[in-house]
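Content type mmCIF, N, CA and C atoms, from the file model-v3.cif:
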data_coords
#
loop_
_atom_site.label_atom_id
_atom_site.label_comp_id
_atom_site.auth_asym_id
_atom_site.auth_seq_id
_atom_site.Cartn_x
_atom_site.Cartn_y
_atom_site.Cartn_z
N MET A 1 -49.96 51.55 13.04
CA MET A 1 -48.56 51.26 13.17
C MET A 1 -47.76 52.55 13.03
N SER A 2 -46.55 52.52 13.50
CA SER A 2 -45.71 53.70 13.45
C SER A 2 -45.14 53.92 12.05
N LYS A 3 -44.70 55.15 11.81
CA LYS A 3 -44.08 55.50 10.53
C LYS A 3 -42.91 54.56 10.21
N PRO A 4 -41.95 54.34 11.13
CA PRO A 4 -40.84 53.45 10.80
C PRO A 4 -41.29 52.02 10.47
N ALA A 5 -42.32 51.54 11.15
CA ALA A 5 -42.81 50.18 10.90
C ALA A 5 -43.41 50.06 9.50
N VAL A 6 -44.24 51.03 9.11
CA VAL A 6 -44.87 50.99 7.79
C VAL A 6 -43.82 51.15 6.69
N LEU A 7 -42.86 52.06 6.89
CA LEU A 7 -41.78 52.23 5.91
C LEU A 7 -40.97 50.95 5.75
N ALA A 8 -40.65 50.30 6.86
CA ALA A 8 -39.86 49.06 6.80
C ALA A 8 -40.64 47.95 6.10
N LEU A 9 -41.92 47.82 6.41
CA LEU A 9 -42.73 46.79 5.76
C LEU A 9 -42.88 47.06 4.26
N SER A 10 -43.07 48.32 3.90
CA SER A 10 -43.21 48.66 2.48
C SER A 10 -41.92 48.40 1.71
N ALA A 11 -40.80 48.85 2.26
CA ALA A 11 -39.51 48.64 1.60
C ALA A 11 -39.18 47.15 1.53
N GLY A 12 -39.46 46.42 2.61
CA GLY A 12 -39.21 44.98 2.63
C GLY A 12 -40.09 44.23 1.65
N SER A 13 -41.34 44.65 1.53
CA SER A 13 -42.26 44.02 0.57
C SER A 13 -41.79 44.24 -0.86
N LYS A 14 -41.32 45.45 -1.15
CA LYS A 14 -40.81 45.72 -2.49
C LYS A 14 -39.58 44.86 -2.77
N GLU A 15 -38.66 44.80 -1.81
CA GLU A 15 -37.44 44.03 -2.00
C GLU A 15 -37.74 42.53 -2.18
N ALA A 16 -38.75 42.04 -1.45
CA ALA A 16 -39.12 40.63 -1.53
C ALA A 16 -39.98 40.32 -2.75
N GLY A 17 -40.49 41.37 -3.40
CA GLY A 17 -41.34 41.16 -4.57
C GLY A 17 -42.75 40.73 -4.21
N CYS A 18 -43.21 41.09 -3.01
CA CYS A 18 -44.57 40.75 -2.62
C CYS A 18 -45.38 42.03 -2.38
N TRP A 19 -46.66 41.89 -2.16
CA TRP A 19 -47.54 43.03 -1.98
C TRP A 19 -47.75 43.33 -0.51
N MET A 20 -48.09 44.57 -0.21
CA MET A 20 -48.34 45.00 1.15
C MET A 20 -49.82 45.33 1.31
N ASN A 21 -50.45 44.79 2.34
CA ASN A 21 -51.86 45.06 2.62
C ASN A 21 -51.96 46.18 3.65
N THR A 22 -52.84 47.14 3.40
CA THR A 22 -52.98 48.27 4.32
C THR A 22 -53.73 47.91 5.59
N GLY A 23 -54.48 46.81 5.58
CA GLY A 23 -55.38 46.54 6.71
C GLY A 23 -56.53 47.54 6.61
N GLU A 24 -57.30 47.67 7.67
CA GLU A 24 -58.47 48.54 7.61
C GLU A 24 -58.16 50.02 7.71
N GLY A 25 -56.94 50.36 7.98
CA GLY A 25 -56.57 51.77 8.06
C GLY A 25 -56.51 52.40 6.69
N SER A 26 -56.18 53.64 6.65
CA SER A 26 -56.12 54.33 5.36
C SER A 26 -54.74 54.14 4.72
N LEU A 27 -54.61 54.61 3.51
CA LEU A 27 -53.34 54.59 2.79
C LEU A 27 -52.54 55.82 3.20
N SER A 28 -51.36 55.60 3.75
CA SER A 28 -50.53 56.72 4.19
C SER A 28 -49.39 56.94 3.19
N PRO A 29 -48.75 58.10 3.25
CA PRO A 29 -47.58 58.32 2.40
C PRO A 29 -46.47 57.30 2.67
N TYR A 30 -46.44 56.75 3.89
CA TYR A 30 -45.41 55.79 4.26
C TYR A 30 -45.59 54.45 3.55
N HIS A 31 -46.85 54.07 3.28
CA HIS A 31 -47.10 52.88 2.48
C HIS A 31 -46.49 53.05 1.09
N LEU A 32 -46.66 54.23 0.52
CA LEU A 32 -46.20 54.50 -0.85
C LEU A 32 -44.70 54.73 -0.92
N GLU A 33 -44.13 55.34 0.11
CA GLU A 33 -42.72 55.73 0.10
C GLU A 33 -41.77 54.53 -0.07
N GLY A 34 -42.14 53.40 0.51
CA GLY A 34 -41.30 52.22 0.42
C GLY A 34 -41.29 51.57 -0.95
N GLY A 35 -42.26 51.91 -1.79
CA GLY A 35 -42.29 51.43 -3.16
C GLY A 35 -42.99 50.11 -3.42
N ALA A 36 -43.61 49.51 -2.39
CA ALA A 36 -44.28 48.22 -2.57
C ALA A 36 -45.58 48.37 -3.35
N ASP A 37 -45.99 47.28 -4.00
CA ASP A 37 -47.33 47.22 -4.58
C ASP A 37 -48.30 47.06 -3.41
N ILE A 38 -49.43 47.75 -3.50
CA ILE A 38 -50.36 47.86 -2.37
C ILE A 38 -51.67 47.13 -2.64
N VAL A 39 -52.13 46.39 -1.61
CA VAL A 39 -53.48 45.86 -1.54
C VAL A 39 -54.21 46.75 -0.54
N PHE A 40 -55.19 47.50 -1.01
CA PHE A 40 -55.93 48.41 -0.13
C PHE A 40 -57.17 47.69 0.38
N GLN A 41 -57.26 47.57 1.70
CA GLN A 41 -58.39 46.87 2.29
C GLN A 41 -59.52 47.83 2.62
N ILE A 42 -60.71 47.51 2.13
CA ILE A 42 -61.92 48.23 2.49
C ILE A 42 -62.63 47.36 3.52
N GLY A 43 -62.62 47.80 4.75
CA GLY A 43 -63.18 47.00 5.84
C GLY A 43 -64.44 47.58 6.41
N THR A 44 -64.79 47.07 7.56
CA THR A 44 -66.02 47.50 8.23
C THR A 44 -65.82 48.75 9.08
N ALA A 45 -64.56 49.12 9.32
CA ALA A 45 -64.27 50.29 10.15
C ALA A 45 -64.51 51.59 9.37
N ARG A 46 -64.59 52.68 10.09
CA ARG A 46 -64.82 53.99 9.47
C ARG A 46 -63.50 54.66 9.14
N ASN A 47 -62.65 53.95 8.46
CA ASN A 47 -61.35 54.45 8.04
C ASN A 47 -61.23 54.30 6.53
N GLY A 48 -60.19 54.87 6.00
CA GLY A 48 -59.90 54.64 4.58
C GLY A 48 -60.82 55.36 3.64
N VAL A 49 -61.78 54.65 3.07
CA VAL A 49 -62.63 55.23 2.03
C VAL A 49 -64.09 55.37 2.48
N ARG A 50 -64.29 55.48 3.78
CA ARG A 50 -65.63 55.71 4.32
C ARG A 50 -65.72 57.12 4.92
N ASP A 51 -66.95 57.65 4.96
CA ASP A 51 -67.14 58.94 5.62
C ASP A 51 -67.39 58.72 7.11
N LEU A 52 -67.64 59.76 7.85
CA LEU A 52 -67.82 59.65 9.30
C LEU A 52 -69.05 58.86 9.68
N GLU A 53 -70.02 58.74 8.77
CA GLU A 53 -71.22 57.94 9.04
C GLU A 53 -71.04 56.48 8.64
N GLY A 54 -69.88 56.15 8.06
CA GLY A 54 -69.60 54.78 7.67
C GLY A 54 -69.98 54.43 6.24
N ASN A 55 -70.43 55.43 5.47
CA ASN A 55 -70.81 55.19 4.08
C ASN A 55 -69.58 55.23 3.17
N LEU A 56 -69.60 54.44 2.13
CA LEU A 56 -68.53 54.44 1.15
C LEU A 56 -68.46 55.80 0.46
N SER A 57 -67.28 56.38 0.38
CA SER A 57 -67.08 57.68 -0.25
C SER A 57 -66.44 57.48 -1.62
N ASP A 58 -67.18 57.80 -2.67
CA ASP A 58 -66.66 57.68 -4.03
C ASP A 58 -65.41 58.53 -4.23
N ASP A 59 -65.40 59.73 -3.67
CA ASP A 59 -64.24 60.62 -3.82
C ASP A 59 -63.00 60.03 -3.16
N LYS A 60 -63.13 59.49 -1.95
CA LYS A 60 -61.99 58.88 -1.27
C LYS A 60 -61.52 57.63 -2.01
N LEU A 61 -62.45 56.86 -2.55
CA LEU A 61 -62.11 55.66 -3.30
C LEU A 61 -61.34 56.01 -4.56
N ARG A 62 -61.79 57.04 -5.28
CA ARG A 62 -61.08 57.49 -6.48
C ARG A 62 -59.68 58.00 -6.14
N ASP A 63 -59.55 58.69 -5.02
CA ASP A 63 -58.24 59.21 -4.60
C ASP A 63 -57.26 58.06 -4.35
N VAL A 64 -57.70 57.03 -3.65
CA VAL A 64 -56.83 55.88 -3.39
C VAL A 64 -56.48 55.18 -4.71
N ALA A 65 -57.47 55.00 -5.58
CA ALA A 65 -57.25 54.30 -6.86
C ALA A 65 -56.33 55.07 -7.80
N SER A 66 -56.13 56.35 -7.57
CA SER A 66 -55.30 57.16 -8.46
C SER A 66 -53.80 56.87 -8.29
N HIS A 67 -53.41 56.17 -7.24
CA HIS A 67 -52.01 55.84 -7.01
C HIS A 67 -51.62 54.60 -7.80
N ASP A 68 -50.54 54.69 -8.58
CA ASP A 68 -50.09 53.58 -9.41
C ASP A 68 -49.76 52.33 -8.59
N GLN A 69 -49.31 52.50 -7.35
CA GLN A 69 -48.91 51.37 -6.52
C GLN A 69 -50.10 50.57 -5.97
N VAL A 70 -51.29 51.18 -5.97
CA VAL A 70 -52.48 50.47 -5.47
C VAL A 70 -53.00 49.60 -6.61
N ASN A 71 -52.77 48.28 -6.47
CA ASN A 71 -53.09 47.35 -7.53
C ASN A 71 -54.33 46.50 -7.26
N VAL A 72 -54.71 46.39 -6.01
CA VAL A 72 -55.84 45.54 -5.65
C VAL A 72 -56.64 46.20 -4.53
N PHE A 73 -57.96 46.09 -4.62
CA PHE A 73 -58.84 46.46 -3.52
C PHE A 73 -59.37 45.16 -2.93
N GLU A 74 -59.20 45.02 -1.63
CA GLU A 74 -59.74 43.86 -0.92
C GLU A 74 -60.94 44.32 -0.12
N ILE A 75 -62.06 43.65 -0.28
CA ILE A 75 -63.26 44.00 0.47
C ILE A 75 -63.42 42.99 1.60
N LYS A 76 -63.25 43.46 2.81
CA LYS A 76 -63.39 42.60 3.98
C LYS A 76 -64.87 42.49 4.30
N MET A 77 -65.38 41.27 4.26
CA MET A 77 -66.81 41.05 4.40
C MET A 77 -67.29 40.97 5.85
N SER A 78 -66.44 40.48 6.75
CA SER A 78 -66.85 40.35 8.14
C SER A 78 -65.64 40.31 9.05
N GLN A 79 -65.90 40.42 10.34
CA GLN A 79 -64.85 40.36 11.35
C GLN A 79 -65.15 39.18 12.25
N ILE A 80 -64.22 38.27 12.34
CA ILE A 80 -64.37 37.10 13.21
C ILE A 80 -63.26 37.17 14.25
N GLU A 81 -63.60 37.09 15.51
CA GLU A 81 -62.61 37.14 16.58
C GLU A 81 -62.49 35.79 17.25
N PRO A 82 -61.35 35.20 17.38
CA PRO A 82 -60.17 35.53 16.60
C PRO A 82 -60.35 35.12 15.16
N GLU A 83 -59.57 35.71 14.28
CA GLU A 83 -59.72 35.48 12.85
C GLU A 83 -58.98 34.21 12.41
N PRO A 84 -59.66 33.06 12.34
CA PRO A 84 -58.97 31.85 11.90
C PRO A 84 -58.78 31.81 10.38
N PHE A 85 -59.54 32.61 9.68
CA PHE A 85 -59.43 32.69 8.23
C PHE A 85 -59.96 34.04 7.79
N LEU A 86 -59.68 34.41 6.57
CA LEU A 86 -60.10 35.71 6.04
C LEU A 86 -61.27 35.52 5.09
N ILE A 87 -62.30 36.32 5.27
CA ILE A 87 -63.40 36.34 4.33
C ILE A 87 -63.29 37.65 3.58
N GLY A 88 -63.05 37.58 2.29
CA GLY A 88 -62.89 38.82 1.55
C GLY A 88 -62.93 38.58 0.06
N LEU A 89 -62.81 39.65 -0.69
CA LEU A 89 -62.83 39.60 -2.13
C LEU A 89 -61.78 40.57 -2.63
N GLY A 90 -60.84 40.10 -3.42
CA GLY A 90 -59.83 40.97 -4.00
C GLY A 90 -60.18 41.29 -5.44
N VAL A 91 -60.02 42.53 -5.82
CA VAL A 91 -60.32 42.96 -7.18
C VAL A 91 -59.06 43.60 -7.76
N MET A 92 -58.53 43.04 -8.84
CA MET A 92 -57.33 43.57 -9.48
C MET A 92 -57.72 44.78 -10.32
N ILE A 93 -56.91 45.84 -10.24
CA ILE A 93 -57.14 47.04 -11.02
C ILE A 93 -56.32 46.94 -12.29
N THR A 94 -56.95 47.10 -13.43
CA THR A 94 -56.22 47.11 -14.70
C THR A 94 -56.54 48.39 -15.45
N ALA A 95 -55.61 48.81 -16.28
CA ALA A 95 -55.79 50.07 -17.02
C ALA A 95 -56.70 49.88 -18.19
#
Render the structure in this file as structure tokens.
Amino acid sequence: MSKPAVLALSAGSKEAGCWMNTGEGSLSPYHLEGGADIVFQIGTARNGVRDLEGNLSDDKLRDVASHDQVNVFEIKMSQIEPEPFLIGLGVMITA
């Protein structure tokens, strides 16, 4: 999505008091700039917290988790086309 779209969704989510899901993409500064609480999705794609071979990267995962606004990691288990429902697992981060 474009910078203006992500900024608008983040600011709108904060104003509405709801959380914003990143989808399978990575966490951008625009997600954080709007001030919303973030659900970071770990999906099957090679984006976000995976390396170029598709393996989970502990360093990238720690970097995402270091942001105060990232409150939940959602693990997307599969991709169904079209997606009539979501198969996943959300994990709340607590201090």
(message) My list of candidates is A:Ala45, A:Ser28, A:Ile38, A:Asn55. Which is closest to Gln69 in chain A when distances are computed with only C-alpha atoms?
(response) A:Ile38
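When the PyMOL selection byres ((chain A and resi 47) around 6) is run on the displayed coordinates, the residues it returns are Glu24, Gly25, Ser26, Ala45, Arg46, Gly48, Val49 and Arg50 of chain A.
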(request) Counting only C-alpha atoms, find the residues whose atoms lie at most 9 Å from (-55.7, 48.3, 3.7) (file coordinates) and write them out as a ChimeraX atom specification. (result) /A:20-27,38-43,48,73-74
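Residue nearest Tyr30 in chain A within the list A:Ser57, A:Ser10, A:Ser66, A:Asn71: A:Ser10 [criterion: smallest interatomic distance, all atoms listed in the file].
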(message) Report, in Å to a single decimal, how far apart atom N of Asp51 in chain A and CA of Leu32 in chain A are.
(response) 21.8 Å
(request) Within chain A, find each residue whose DSSP state, derived from the backbone, is helix (DSSP H, G or I), and express the selection as number ranges by chain. (result) A: 3-16, 29-33, 58-65
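Distance annotation: of A:Trp19, A:Leu52, A:Gly34, A:Val70, the residue with the minimal separation from Val6 in chain A is A:Gly34; atom set is only C-alpha atoms.
Each of A:Ala16, A:Ala8, A:Leu56, A:Ala36 was checked against Asp68 in chain A using only N, CA and C atoms; the smallest atom-to-atom distance is that of A:Ala36.
Among the candidates A:Thr44, A:Leu7, A:Arg62, A:Glu53, the one nearest to Lys76 in chain A when counting only C-alpha atoms is A:Thr44.
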(message) What does the structure give for the distance between atom N of Pro4 in chain A and CA of Gly54 in chain A, in Å to one decimal?
(response) 27.9 Å
(message) For a test of reading the model, state the distance in Å between atom C of Ile75 in chain A and atom C of Asp63 in chain A, rounded to one decimal.
(response) 17.3 Å
(message) Taking only chain A into account, list the residues labelled strand (DSSP E) by DSSP (computed from the backbone), as a ChimeraX atom specification.
(response) /A:19-21,37-42,70-76,88-92
